[in-house]
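Note: the block below is protein-v7.pdb and it holds PDB, C-alpha atoms.
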```pdb
ATOM      1  CA  MET I   1     -30.044 -10.802 -16.882
ATOM      2  CA  ALA I   2     -26.258 -10.789 -16.928
ATOM      3  CA  THR I   3     -24.331  -9.121 -14.124
ATOM      4  CA  VAL I   4     -21.741  -6.561 -15.192
ATOM      5  CA  ILE I   5     -18.957  -5.735 -12.752
ATOM      6  CA  ILE I   6     -17.824  -2.138 -13.109
ATOM      7  CA  PRO I   7     -14.189  -1.454 -12.104
ATOM      8  CA  THR I   8     -13.435   1.275  -9.577
ATOM      9  CA  PRO I   9     -12.142   3.862 -12.125
ATOM     10  CA  LEU I  10     -15.385   3.757 -14.119
ATOM     11  CA  ARG I  11     -17.846   3.858 -11.212
ATOM     12  CA  LYS I  12     -17.915   7.647 -11.272
ATOM     13  CA  PHE I  13     -19.757   7.227 -14.576
ATOM     14  CA  THR I  14     -22.297   4.687 -13.230
ATOM     15  CA  ASN I  15     -23.546   6.593 -10.186
ATOM     16  CA  ASN I  16     -21.024   4.599  -8.118
ATOM     17  CA  ASN I  17     -22.688   1.310  -8.988
ATOM     18  CA  ALA I  18     -20.188  -1.557  -8.815
ATOM     19  CA  ARG I  19     -22.613  -4.097 -10.299
ATOM     20  CA  LEU I  20     -25.253  -3.621 -12.949
ATOM     21  CA  THR I  21     -27.696  -6.066 -14.474
ATOM     22  CA  VAL I  22     -28.162  -5.982 -18.233
ATOM     23  CA  HIS I  23     -30.112  -8.109 -20.636
ATOM     24  CA  ALA I  24     -28.009  -8.479 -23.781
ATOM     25  CA  ASN I  25     -27.231 -11.217 -26.273
ATOM     26  CA  THR I  26     -23.673 -10.151 -27.057
ATOM     27  CA  VAL I  27     -20.905  -8.028 -25.576
ATOM     28  CA  THR I  28     -21.579  -5.349 -28.191
ATOM     29  CA  GLU I  29     -25.219  -5.193 -27.159
ATOM     30  CA  MET I  30     -24.227  -5.073 -23.508
ATOM     31  CA  ILE I  31     -21.873  -2.142 -24.113
ATOM     32  CA  GLN I  32     -24.521  -0.275 -26.096
ATOM     33  CA  LYS I  33     -27.038  -0.704 -23.288
ATOM     34  CA  LEU I  34     -24.529   0.488 -20.710
ATOM     35  CA  ILE I  35     -23.702   3.526 -22.825
ATOM     36  CA  THR I  36     -27.374   4.318 -23.353
ATOM     37  CA  GLU I  37     -27.906   4.363 -19.592
ATOM     38  CA  PHE I  38     -24.550   5.962 -18.742
ATOM     39  CA  PRO I  39     -23.373   8.015 -21.771
ATOM     40  CA  ASP I  40     -20.108   9.099 -20.125
ATOM     41  CA  LEU I  41     -18.920   5.497 -20.289
ATOM     42  CA  LYS I  42     -18.678   5.645 -24.069
ATOM     43  CA  LYS I  43     -15.215   7.202 -24.368
ATOM     44  CA  HIS I  44     -13.865   4.588 -21.965
ATOM     45  CA  LEU I  45     -15.499   1.483 -23.466
ATOM     46  CA  LEU I  46     -15.275   2.217 -27.187
ATOM     47  CA  ASP I  47     -12.438   3.571 -29.304
ATOM     48  CA  ALA I  48     -12.781   5.663 -32.469
ATOM     49  CA  ASN I  49     -13.463   2.491 -34.468
ATOM     50  CA  GLY I  50     -16.249   1.374 -32.170
ATOM     51  CA  SER I  51     -14.147  -1.435 -30.700
ATOM     52  CA  VAL I  52     -13.199  -2.124 -27.100
ATOM     53  CA  PRO I  53      -9.993  -0.123 -26.474
ATOM     54  CA  SER I  54      -6.768  -2.051 -25.988
ATOM     55  CA  PHE I  55      -6.510  -0.844 -22.390
ATOM     56  CA  ILE I  56      -9.851  -2.371 -21.426
ATOM     57  CA  ASN I  57     -10.273  -6.127 -20.953
ATOM     58  CA  ILE I  58     -13.692  -7.743 -20.869
ATOM     59  CA  PHE I  59     -14.212 -11.155 -19.349
ATOM     60  CA  VAL I  60     -17.391 -13.195 -19.788
ATOM     61  CA  ASN I  61     -17.333 -15.395 -16.738
ATOM     62  CA  ASP I  62     -13.633 -16.333 -16.631
ATOM     63  CA  ASP I  63     -12.861 -15.946 -20.324
ATOM     64  CA  ASP I  64     -11.263 -12.951 -22.022
ATOM     65  CA  ILE I  65     -13.445 -12.053 -25.000
ATOM     66  CA  ARG I  66     -10.254 -11.648 -27.082
ATOM     67  CA  ASN I  67      -9.945 -15.432 -26.806
ATOM     68  CA  LEU I  68     -13.608 -15.915 -27.784
ATOM     69  CA  GLN I  69     -15.566 -14.020 -30.422
ATOM     70  CA  ARG I  70     -14.410 -10.592 -29.196
ATOM     71  CA  GLU I  71     -17.322  -8.098 -29.153
ATOM     72  CA  GLN I  72     -19.602 -10.721 -30.716
ATOM     73  CA  THR I  73     -19.116 -13.067 -27.760
ATOM     74  CA  VAL I  74     -22.451 -14.387 -26.519
ATOM     75  CA  VAL I  75     -23.612 -13.216 -23.098
ATOM     76  CA  MET I  76     -25.822 -15.782 -21.427
ATOM     77  CA  ASP I  77     -28.555 -14.624 -19.086
ATOM     78  CA  ASN I  78     -26.739 -15.815 -15.967
ATOM     79  CA  ALA I  79     -23.284 -14.663 -17.063
ATOM     80  CA  THR I  80     -20.974 -12.428 -15.078
ATOM     81  CA  VAL I  81     -19.222  -9.880 -17.267
ATOM     82  CA  SER I  82     -16.163  -8.199 -15.772
ATOM     83  CA  ILE I  83     -14.781  -4.970 -17.184
ATOM     84  CA  VAL I  84     -11.110  -4.964 -16.218
ATOM     85  CA  PRO I  85      -8.860  -1.991 -16.930
ATOM     86  CA  ALA I  86      -5.442  -2.969 -18.215
ATOM     87  CA  ILE I  87      -2.801  -1.505 -15.914
ATOM     88  CA  ALA I  88       0.410  -0.735 -17.748
ATOM     89  CA  GLY I  89       2.933   1.970 -18.485
ATOM     90  CA  GLY I  90       6.595   2.682 -18.676
ATOM     91  CA  ALA I  91       9.413   5.120 -18.235
ATOM     92  CA  PRO I  92      10.161   7.749 -20.880
ATOM     93  CA  LEU I  93      12.342   6.364 -23.657
TER      94      LEU I  93
ATOM     95  CA  MET R  94      -3.872  15.681  -2.028
ATOM     96  CA  LEU R  95      -2.684  12.162  -1.401
ATOM     97  CA  LEU R  96      -1.899  11.400   2.237
ATOM     98  CA  ILE R  97       0.239   8.299   2.732
ATOM     99  CA  TYR R  98       0.882   6.565   6.036
ATOM    100  CA  PRO R  99       4.653   6.406   6.661
ATOM    101  CA  ILE R 100       4.546   2.628   6.994
ATOM    102  CA  ILE R 101       2.971   2.345   3.544
ATOM    103  CA  ALA R 102       5.486   4.742   2.013
ATOM    104  CA  ASN R 103       8.280   2.675   3.556
ATOM    105  CA  GLN R 104       6.729  -0.579   2.313
ATOM    106  CA  MET R 105       6.536   0.848  -1.199
ATOM    107  CA  LYS R 106      10.155   1.986  -1.073
ATOM    108  CA  ALA R 107      11.318  -1.377   0.279
ATOM    109  CA  ALA R 108       9.371  -3.185  -2.437
ATOM    110  CA  VAL R 109      10.911  -1.274  -5.314
ATOM    111  CA  GLN R 110      14.552  -0.687  -4.376
ATOM    112  CA  PHE R 111      17.265  -2.999  -5.716
ATOM    113  CA  SER R 112      15.118  -4.254  -8.604
ATOM    114  CA  ASP R 113      16.427  -4.008 -12.142
ATOM    115  CA  GLU R 114      12.881  -4.148 -13.505
ATOM    116  CA  GLU R 115      10.027  -1.703 -13.114
ATOM    117  CA  CYS R 116       8.037  -2.552  -9.996
ATOM    118  CA  CYS R 117       4.320  -2.012  -9.615
ATOM    119  CA  GLY R 118       1.359  -2.544  -7.321
ATOM    120  CA  PHE R 119      -1.904  -1.211  -5.964
ATOM    121  CA  LEU R 120      -2.792   1.418  -3.372
ATOM    122  CA  PHE R 121      -5.827   1.305  -1.087
ATOM    123  CA  GLY R 122      -7.398   3.580   1.467
ATOM    124  CA  GLN R 123     -10.165   6.051   2.039
ATOM    125  CA  GLU R 124     -11.419   8.982   0.024
ATOM    126  CA  GLU R 125     -12.276  11.872   2.352
ATOM    127  CA  SER R 126     -13.322  14.130  -0.540
ATOM    128  CA  SER R 127     -12.808  14.442  -4.271
ATOM    129  CA  ASP R 128      -9.342  15.912  -3.715
ATOM    130  CA  LEU R 129      -8.248  14.321  -0.448
ATOM    131  CA  ARG R 130      -7.316  10.648  -0.232
ATOM    132  CA  THR R 131      -5.510   8.631   2.415
ATOM    133  CA  ILE R 132      -3.464   5.579   1.453
ATOM    134  CA  THR R 133      -3.528   3.016   4.251
ATOM    135  CA  ALA R 134      -2.598  -0.211   2.454
ATOM    136  CA  MET R 135      -0.650  -1.434  -0.543
ATOM    137  CA  MET R 136      -0.297  -4.632  -2.561
ATOM    138  CA  THR R 137       2.642  -5.564  -4.749
ATOM    139  CA  ALA R 138       1.931  -6.962  -8.210
ATOM    140  CA  LYS R 139       4.028  -8.915 -10.664
ATOM    141  CA  ASN R 140       5.304  -7.072 -13.722
ATOM    142  CA  ILE R 141       4.220  -9.264 -16.653
ATOM    143  CA  SER R 142       5.171  -6.868 -19.439
ATOM    144  CA  SER R 143       6.242  -8.705 -22.573
ATOM    145  CA  LEU R 144       8.406  -5.709 -23.510
ATOM    146  CA  ASP R 145      11.595  -4.630 -21.744
ATOM    147  CA  ARG R 146      10.605  -4.819 -18.075
ATOM    148  CA  ARG R 147      13.416  -2.410 -17.157
ATOM    149  CA  SER R 148      11.365   0.358 -18.751
ATOM    150  CA  THR R 149       7.788  -0.945 -18.953
ATOM    151  CA  PHE R 150       5.289  -2.617 -16.662
ATOM    152  CA  GLU R 151       2.004  -4.438 -16.998
ATOM    153  CA  ILE R 152      -0.217  -5.998 -14.322
ATOM    154  CA  SER R 153      -2.280  -9.075 -15.121
ATOM    155  CA  PRO R 154      -6.093  -8.851 -15.198
ATOM    156  CA  GLN R 155      -6.207 -11.493 -12.443
ATOM    157  CA  ASP R 156      -4.015  -9.368 -10.172
ATOM    158  CA  TYR R 157      -6.302  -6.419 -10.882
ATOM    159  CA  MET R 158      -9.398  -8.429  -9.975
ATOM    160  CA  ASP R 159      -7.636  -9.651  -6.826
ATOM    161  CA  ALA R 160      -6.968  -6.021  -5.894
ATOM    162  CA  GLU R 161     -10.652  -5.139  -6.319
ATOM    163  CA  SER R 162     -11.561  -8.121  -4.112
ATOM    164  CA  PHE R 163      -8.996  -7.092  -1.484
ATOM    165  CA  ALA R 164     -10.575  -3.640  -1.327
ATOM    166  CA  VAL R 165     -14.055  -5.073  -0.783
ATOM    167  CA  GLN R 166     -12.876  -7.572   1.847
ATOM    168  CA  HIS R 167     -11.053  -4.886   3.850
ATOM    169  CA  HIS R 168     -13.641  -2.122   3.440
ATOM    170  CA  LEU R 169     -11.149  -0.006   1.540
ATOM    171  CA  LYS R 170     -11.198   1.738  -1.810
ATOM    172  CA  LEU R 171      -8.848   0.825  -4.615
ATOM    173  CA  LEU R 172      -7.424   4.304  -5.089
ATOM    174  CA  GLY R 173      -4.493   3.860  -7.378
ATOM    175  CA  VAL R 174      -1.422   2.207  -8.768
ATOM    176  CA  TYR R 175       2.277   2.739  -8.157
ATOM    177  CA  HIS R 176       5.196   1.971 -10.414
ATOM    178  CA  THR R 177       8.863   2.856 -10.762
ATOM    179  CA  HIS R 178      10.938   4.765 -13.264
ATOM    180  CA  HIS R 179      14.605   3.775 -13.249
ATOM    181  CA  GLU R 180      17.112   6.587 -13.645
ATOM    182  CA  THR R 181      14.363   8.858 -14.987
ATOM    183  CA  PRO R 182      12.152  11.428 -13.214
ATOM    184  CA  ALA R 183       8.876  10.594 -11.454
ATOM    185  CA  ILE R 184       6.989  12.156 -14.329
ATOM    186  CA  PRO R 185       4.524  10.106 -16.395
ATOM    187  CA  SER R 186       5.581   9.040 -19.860
ATOM    188  CA  GLU R 187       3.310   9.140 -22.883
ATOM    189  CA  PHE R 188       2.877   5.368 -22.456
ATOM    190  CA  ASP R 189       1.738   6.008 -18.869
ATOM    191  CA  ARG R 190      -0.777   8.575 -20.093
ATOM    192  CA  ILE R 191      -2.228   6.450 -22.879
ATOM    193  CA  ALA R 192      -2.674   3.502 -20.519
ATOM    194  CA  ALA R 193      -4.074   5.543 -17.635
ATOM    195  CA  HIS R 194      -7.630   5.377 -16.361
ATOM    196  CA  PRO R 195      -9.726   8.049 -14.686
ATOM    197  CA  TYR R 196     -10.089   8.340 -10.929
ATOM    198  CA  PHE R 197      -6.892   6.477 -10.013
ATOM    199  CA  SER R 198      -3.887   8.088  -8.357
ATOM    200  CA  TYR R 199      -0.761   7.083 -10.253
ATOM    201  CA  VAL R 200       2.221   7.190  -7.916
ATOM    202  CA  ILE R 201       5.601   7.100  -9.655
ATOM    203  CA  LEU R 202       8.794   6.414  -7.731
ATOM    204  CA  SER R 203      12.001   7.521  -9.394
ATOM    205  CA  ILE R 204      14.850   5.106  -8.651
ATOM    206  CA  VAL R 205      18.397   6.448  -8.898
ATOM    207  CA  GLU R 206      21.272   4.118  -8.037
ATOM    208  CA  ASN R 207      18.945   1.644  -6.288
ATOM    209  CA  THR R 208      17.441   4.329  -4.056
ATOM    210  CA  VAL R 209      14.061   6.071  -4.235
ATOM    211  CA  ASP R 210      15.086   9.561  -5.257
ATOM    212  CA  ASP R 211      11.625  11.081  -5.724
ATOM    213  CA  MET R 212       7.956  10.149  -5.508
ATOM    214  CA  LYS R 213       5.110  11.976  -7.210
ATOM    215  CA  SER R 214       1.430  11.251  -7.762
ATOM    216  CA  TRP R 215      -0.616  12.035 -10.842
ATOM    217  CA  THR R 216      -4.278  11.853 -11.801
ATOM    218  CA  LEU R 217      -5.860  11.956 -15.223
ATOM    219  CA  ASN R 218      -8.116  14.956 -15.868
ATOM    220  CA  ASP R 219     -11.195  15.025 -18.101
ATOM    221  CA  ASN R 220      -8.996  15.900 -21.088
ATOM    222  CA  PHE R 221      -6.917  12.735 -20.582
ATOM    223  CA  LYS R 222      -3.921  14.721 -19.381
ATOM    224  CA  PHE R 223      -2.063  14.108 -16.140
ATOM    225  CA  GLU R 224      -2.136  16.634 -13.307
ATOM    226  CA  GLU R 225       0.170  16.360 -10.326
ATOM    227  CA  GLU R 226      -1.492  15.460  -7.044
ATOM    228  CA  PRO R 227       0.461  16.695  -4.011
ATOM    229  CA  ILE R 228       1.696  13.948  -1.679
ATOM    230  CA  SER R 229       2.064  14.213   2.071
ATOM    231  CA  ILE R 230       3.498  11.476   4.281
ATOM    232  CA  ILE R 231       1.582  11.759   7.542
ATOM    233  CA  ASN R 232       1.297  10.105  10.891
ATOM    234  CA  ILE R 233      -2.035   8.425  11.520
ATOM    235  CA  ASN R 234      -3.306  11.037  13.971
ATOM    236  CA  GLN R 235      -1.722  14.036  12.309
ATOM    237  CA  GLN R 236      -4.176  16.747  11.293
ATOM    238  CA  ILE R 237      -3.876  18.575   8.040
ATOM    239  CA  HIS R 238      -3.929  22.352   8.267
ATOM    240  CA  GLY R 239      -3.705  25.004   5.594
ATOM    241  CA  TYR R 240      -3.988  22.601   2.690
ATOM    242  CA  ARG R 241      -3.527  24.232  -0.696
ATOM    243  CA  ASN R 242      -3.534  22.428  -3.987
ATOM    244  CA  HIS R 243      -0.464  23.244  -6.086
ATOM    245  CA  SER R 244      -1.054  21.088  -9.131
ATOM    246  CA  ASN R 245       1.300  20.784 -12.066
ATOM    247  CA  SER R 246       0.474  19.400 -15.480
ATOM    248  CA  ALA R 247       2.390  16.851 -17.466
ATOM    249  CA  ALA R 248       2.157  14.668 -20.519
TER     250      ALA R 248
END
```
Please lay out the structure from this file as structure tokens.
Amino acid sequence: MATVIIPTPLRKFTNNNARLTVHANTVTEMIQKLITEFPDLKKHLLDANGSVPSFINIFVNDDDIRNLQREQTVVMDNATVSIVPAIAGGAPL
Amino acid sequence: MLLIYPIIANQMKAAVQFSDEECCGFLFGQEESSDLRTITAMMTAKNISSLDRRSTFEISPQDYMDAESFAVQHHLKLLGVYHTHHETPAIPSEFDRIAAHPYFSYVILSIVENTVDDMKSWTLNDNFKFEEEPISIININQQIHGYRNHSNSAA
């Protein structure tokens, strides 16, 4: 089972769980399992195209999945998957 | 309502004044209820935006993970993020709204002529719109009486 670390802003959707264990072969499968168990996560983990939104980073162990196979990145059984919200913004133009 | 210890408010102001670029960081504390939070600690973060850093900010994933670790180590909650707007009001931009996450308090400090002119806090509602969260700078032992929530909407 992989360990998924839920960031503070999303814990209200996971019954305040900071860590979850999921058995999944890929990041896509992991997200689907999380959404099945916690449906309110969906709008925060998937955009309209079914991809991870640009303001969410996902790391498998220490590697950003955007530098690997994105949502098709393999999740090993002992992996730690971190969901990391991108923190950004700016003044009005 | 967001209660901020004076020392933290002063640390934030000291951290952001006299910078030409947008400044940013994390806010920590305790959550007394769903609409009452106390900020007791802060952490500055580096602005790594690849755009014009005078009008945009971005915090690295590593800094974010460090902030989560800091909260666990100090038995605090990561409650929000602060950043500056230079020569513009402490009102979230559309970029702020699109990039915002639920639950967090987003404190914006408006900098006018190198001085903090205004400070407001905002939270994202279920419709992904910002609502103003009243701020009070309090002493540690000060009690809060007659609290009423006067929220504004923006963005």
CA of Pro39 in chain I and CA of Phe13 in chain I are how many Å apart? 8.1 Å
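Using all atoms listed in the file, we find that the part of chain R lying within 6 Å of chain I comprises R:Ser148, R:Thr149, R:Phe150, R:Glu151, R:Ile152, R:His178, R:Ser186, R:Phe188, R:Asp189, R:Ala192, R:Pro195, R:Tyr196.
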Test item: the PyMOL selection byres ((chain I and resi 21-35) around 12) resolved as a PyMOL selection string: chain I and resi 1-6+10+13-14+17-20+36-46+50-52+57-60+64-66+68-83
Within 8 Å of Lys213 in chain R, counting all atoms listed in the file, which residues qualify if same-chain residues fewer than 3 places away don't, as an NGL selection string? :R and (183-184 or 200-202 or 225-228)
From the list R:Ile101, R:Cys116, R:Val165, R:Ala193, the nearest residue to Asn218 in chain R using only C-alpha atoms is R:Ala193
Restricted to C-alpha atoms, what does range 198-236 of chain R look like when written out as a tab-separated table (two decimals), in the first residue's frame?
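Once everything was written out, this is part-v2.tsv:
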```tsv
chain	number	residue	atom	x	y	z
R	198	SER	CA	-6.69	32.28	5.17
R	199	TYR	CA	-5.11	34.48	2.52
R	200	VAL	CA	-3.71	37.61	4.14
R	201	ILE	CA	-2.85	40.40	1.71
R	202	LEU	CA	-0.73	43.36	2.78
R	203	SER	CA	-1.01	46.46	0.63
R	204	ILE	CA	2.32	48.28	0.38
R	205	VAL	CA	2.24	51.99	-0.44
R	206	GLU	CA	5.53	53.88	-0.56
R	207	ASN	CA	7.38	51.10	1.29
R	208	THR	CA	4.87	51.06	4.15
R	209	VAL	CA	2.10	48.59	4.96
R	210	ASP	CA	-0.97	50.67	4.24
R	211	ASP	CA	-3.64	48.00	4.75
R	212	MET	CA	-3.98	44.33	5.63
R	213	LYS	CA	-6.97	42.14	4.86
R	214	SER	CA	-7.67	38.42	5.03
R	215	TRP	CA	-9.73	36.37	2.61
R	216	THR	CA	-11.00	32.80	2.46
R	217	LEU	CA	-12.35	30.87	-0.48
R	218	ASN	CA	-16.00	29.82	-0.19
R	219	ASP	CA	-17.57	26.69	-1.67
R	220	ASN	CA	-18.26	28.57	-4.91
R	221	PHE	CA	-14.54	29.37	-5.32
R	222	LYS	CA	-15.10	33.04	-4.54
R	223	PHE	CA	-13.23	35.01	-1.90
R	224	GLU	CA	-14.98	36.31	1.21
R	225	GLU	CA	-13.32	38.78	3.55
R	226	GLU	CA	-12.37	37.42	6.95
R	227	PRO	CA	-12.21	40.13	9.63
R	228	ILE	CA	-8.78	40.59	11.23
R	229	SER	CA	-8.11	41.60	14.81
R	230	ILE	CA	-4.65	42.23	16.24
R	231	ILE	CA	-4.88	41.08	19.85
R	232	ASN	CA	-2.75	40.72	22.92
R	233	ILE	CA	-2.21	37.14	24.01
R	234	ASN	CA	-4.52	37.32	27.02
R	235	GLN	CA	-7.08	39.64	25.49
R	236	GLN	CA	-10.62	38.24	25.43
```
